[in-house]
file my_file.cif (mmCIF, C-alpha atoms, pLDDT in the B column; chains and numbers go by the auth columns)
data_model
loop_
_atom_site.group_PDB
_atom_site.id
_atom_site.type_symbol
_atom_site.label_atom_id
_atom_site.label_comp_id
_atom_site.label_asym_id
_atom_site.label_seq_id
_atom_site.Cartn_x
_atom_site.Cartn_y
_atom_site.Cartn_z
_atom_site.B_iso_or_equiv
_atom_site.auth_seq_id
_atom_site.auth_asym_id
ATOM 1 C CA MET A 1 0.563 -46.237 54.361 55.00 1 A
ATOM 2 C CA ASN A 2 3.759 -45.872 56.389 73.00 2 A
ATOM 3 C CA THR A 3 3.932 -42.150 55.632 78.00 3 A
ATOM 4 C CA LEU A 4 0.636 -41.813 57.488 79.00 4 A
ATOM 5 C CA TYR A 5 2.247 -43.296 60.585 83.00 5 A
ATOM 6 C CA LYS A 6 5.050 -40.726 60.768 84.00 6 A
ATOM 7 C CA PRO A 7 3.005 -37.934 62.364 87.00 7 A
ATOM 8 C CA VAL A 8 1.150 -40.437 64.533 82.00 8 A
ATOM 9 C CA GLY A 9 4.444 -42.021 65.550 83.00 9 A
ATOM 10 C CA MET A 10 5.881 -38.637 66.498 87.00 10 A
ATOM 11 C CA VAL A 11 2.910 -37.850 68.731 88.00 11 A
ATOM 12 C CA VAL A 12 3.011 -41.311 70.301 85.00 12 A
ATOM 13 C CA SER A 13 6.746 -40.943 70.879 86.00 13 A
ATOM 14 C CA VAL A 14 6.363 -37.575 72.606 90.00 14 A
ATOM 15 C CA LEU A 15 3.568 -38.951 74.779 88.00 15 A
ATOM 16 C CA GLY A 16 5.801 -41.908 75.626 87.00 16 A
ATOM 17 C CA GLY A 17 8.567 -39.579 76.760 88.00 17 A
ATOM 18 C CA ILE A 18 6.171 -37.565 78.917 92.00 18 A
ATOM 19 C CA ALA A 19 4.709 -40.724 80.450 91.00 19 A
ATOM 20 C CA ALA A 20 8.185 -42.100 81.131 91.00 20 A
ATOM 21 C CA ASN A 21 9.196 -38.934 82.968 92.00 21 A
ATOM 22 C CA LEU A 22 6.031 -39.050 85.074 93.00 22 A
ATOM 23 C CA VAL A 23 6.597 -42.705 85.964 93.00 23 A
ATOM 24 C CA PHE A 24 10.231 -42.036 86.878 94.00 24 A
ATOM 25 C CA ALA A 25 9.253 -39.095 89.103 93.00 25 A
ATOM 26 C CA GLN A 26 6.798 -41.296 91.012 95.00 26 A
ATOM 27 C CA VAL A 27 9.267 -44.154 91.378 94.00 27 A
ATOM 28 C CA TRP A 28 12.027 -41.791 92.501 93.00 28 A
ATOM 29 C CA ARG A 29 9.775 -40.236 95.168 94.00 29 A
ATOM 30 C CA ARG A 30 8.903 -43.668 96.531 95.00 30 A
ATOM 31 C CA VAL A 31 12.462 -44.984 96.447 91.00 31 A
ATOM 32 C CA SER A 32 14.302 -41.933 97.762 91.00 32 A
ATOM 33 C CA GLY A 33 11.686 -39.847 99.542 92.00 33 A
ATOM 34 C CA GLU A 34 12.865 -36.836 97.529 92.00 34 A
ATOM 35 C CA ASP A 35 10.898 -34.846 94.966 92.00 35 A
ATOM 36 C CA GLN A 36 13.656 -34.721 92.350 91.00 36 A
ATOM 37 C CA ALA A 37 16.466 -37.024 91.321 93.00 37 A
ATOM 38 C CA PRO A 38 19.974 -35.579 91.551 93.00 38 A
ATOM 39 C CA SER A 39 21.416 -34.151 88.373 92.00 39 A
ATOM 40 C CA ALA A 40 24.927 -35.056 87.280 93.00 40 A
ATOM 41 C CA THR A 41 26.189 -31.671 88.459 95.00 41 A
ATOM 42 C CA ALA A 42 24.433 -31.649 91.853 92.00 42 A
ATOM 43 C CA ARG A 43 27.150 -30.928 94.384 93.00 43 A
ATOM 44 C CA ASP A 44 25.284 -32.380 97.372 92.00 44 A
ATOM 45 C CA TYR A 45 25.187 -35.913 95.975 92.00 45 A
ATOM 46 C CA GLY A 46 27.931 -38.478 95.504 94.00 46 A
ATOM 47 C CA TRP A 47 28.792 -40.427 92.385 95.00 47 A
ATOM 48 C CA GLN A 48 26.822 -43.473 93.480 94.00 48 A
ATOM 49 C CA GLU A 49 23.593 -41.555 94.070 92.00 49 A
ATOM 50 C CA VAL A 50 23.855 -39.708 90.763 94.00 50 A
ATOM 51 C CA LEU A 51 24.642 -42.840 88.761 95.00 51 A
ATOM 52 C CA VAL A 52 21.931 -44.934 90.411 93.00 52 A
ATOM 53 C CA ALA A 53 19.388 -42.199 89.658 94.00 53 A
ATOM 54 C CA ALA A 54 20.558 -41.993 86.045 95.00 54 A
ATOM 55 C CA ALA A 55 20.454 -45.772 85.579 96.00 55 A
ATOM 56 C CA LEU A 56 16.977 -46.024 87.065 94.00 56 A
ATOM 57 C CA GLN A 57 15.744 -43.147 84.928 94.00 57 A
ATOM 58 C CA GLY A 58 17.215 -44.701 81.778 95.00 58 A
ATOM 59 C CA ALA A 59 15.692 -48.105 82.479 96.00 59 A
ATOM 60 C CA ILE A 60 12.250 -46.705 83.244 94.00 60 A
ATOM 61 C CA PHE A 61 12.363 -44.343 80.266 92.00 61 A
ATOM 62 C CA GLY A 62 13.343 -47.152 77.903 92.00 62 A
ATOM 63 C CA VAL A 63 10.665 -49.574 79.081 93.00 63 A
ATOM 64 C CA VAL A 64 7.812 -47.060 79.228 90.00 64 A
ATOM 65 C CA LYS A 65 8.657 -45.391 75.928 86.00 65 A
ATOM 66 C CA ALA A 66 9.112 -48.718 74.125 88.00 66 A
ATOM 67 C CA SER A 67 5.802 -49.966 75.532 91.00 67 A
ATOM 68 C CA ILE A 68 3.932 -46.890 74.350 88.00 68 A
ATOM 69 C CA ASP A 69 5.650 -46.879 70.942 86.00 69 A
ATOM 70 C CA ARG A 70 4.836 -50.566 70.522 90.00 70 A
ATOM 71 C CA ALA A 71 1.201 -50.016 71.505 91.00 71 A
ATOM 72 C CA GLY A 72 0.990 -47.177 68.965 87.00 72 A
ATOM 73 C CA ALA A 73 2.368 -49.386 66.211 89.00 73 A
ATOM 74 C CA SER A 74 -0.041 -52.183 67.147 92.00 74 A
ATOM 75 C CA GLY A 75 -2.975 -49.771 67.111 90.00 75 A
ATOM 76 C CA TYR A 76 -1.897 -48.469 63.720 89.00 76 A
ATOM 77 C CA GLN A 77 -1.786 -52.014 62.390 91.00 77 A
ATOM 78 C CA ARG A 78 -5.268 -52.748 63.726 93.00 78 A
ATOM 79 C CA LEU A 79 -6.619 -49.635 62.003 89.00 79 A
ATOM 80 C CA THR A 80 -4.793 -49.926 58.673 88.00 80 A
ATOM 81 C CA GLY A 81 -3.847 -53.583 58.374 90.00 81 A
ATOM 82 C CA THR A 82 -0.163 -52.733 57.905 89.00 82 A
ATOM 83 C CA TRP A 83 2.704 -52.575 60.361 90.00 83 A
ATOM 84 C CA PRO A 84 4.517 -49.230 60.348 87.00 84 A
ATOM 85 C CA GLY A 85 7.934 -50.136 59.014 73.00 85 A
ATOM 86 C CA LYS A 86 11.052 -48.400 57.849 57.00 86 A
#

call {"tool": "encode", "arguments": {"input": "my_file.cif", "output": "structure tokens"}}
result
Amino acid sequence: MNTLYKPVGMVVSVLGGIAANLVFAQVWRRVSGEDQAPSATARDYGWQEVLVAAALQGAIFGVVKASIDRAGASGYQRLTGTWPGK
């Protein structure tokens, strides 16, 4: 049964990454008033701004993606009766 979850897990994972990026973009706009977070090589931003943006993005990405991955695994278990394992 776990081999059935692999393609489902990949789709869920990609959707989680997309959702995480959308959530981060919204949070960044509200927090900073800017449309895009500074990249590591953006000359117009200091270290603090770049690192805060990166930390916030990482935290949001991790929480959103883990939530969506977990929901996918739970849904798979409800449908099949088995938890997608290693």

call {"tool": "atom_distance", "arguments": {"input": "my_file.cif", "atom1": "CA of Val31 in chain A", "atom2": "CA of Ala59 in chain A"}}
result
14.7 Å

call {"tool": "closest_residue", "arguments": {"input": "my_file.cif", "among": "A:Ala19, A:Trp28, A:Leu4, A:Val11", "to": "Gly62 in chain A", "atoms": "only C-alpha atoms"}}
result
A:Ala19

call {"tool": "closest_residue", "arguments": {"input": "my_file.cif", "among": "A:Gln26, A:Ser32, A:Thr3, A:Ser39", "to": "Ala54 in chain A", "atoms": "only C-alpha atoms"}}
result
A:Ser39

call {"tool": "closest_residue", "arguments": {"input": "my_file.cif", "among": "A:Gln57, A:Pro84, A:Arg43, A:Arg29", "to": "Asn2 in chain A", "atoms": "only C-alpha atoms"}}
result
A:Pro84

call {"tool": "atom_distance", "arguments": {"input": "my_file.cif", "atom1": "CA of Tyr5 in chain A", "atom2": "CA of Phe24 in chain A"}}
result
27.5 Å

call {"tool": "closest_residue", "arguments": {"input": "my_file.cif", "among": "A:Ser13, A:Thr80, A:Asn21, A:Ser74", "to": "Phe61 in chain A", "atoms": "all atoms listed in the file"}}
result
A:Asn21

call {"tool": "closest_residue", "arguments": {"input": "my_file.cif", "among": "A:Leu79, A:Ile60, A:Ala73, A:Ala40", "to": "Leu22 in chain A", "atoms": "only C-alpha atoms"}}
result
A:Ile60
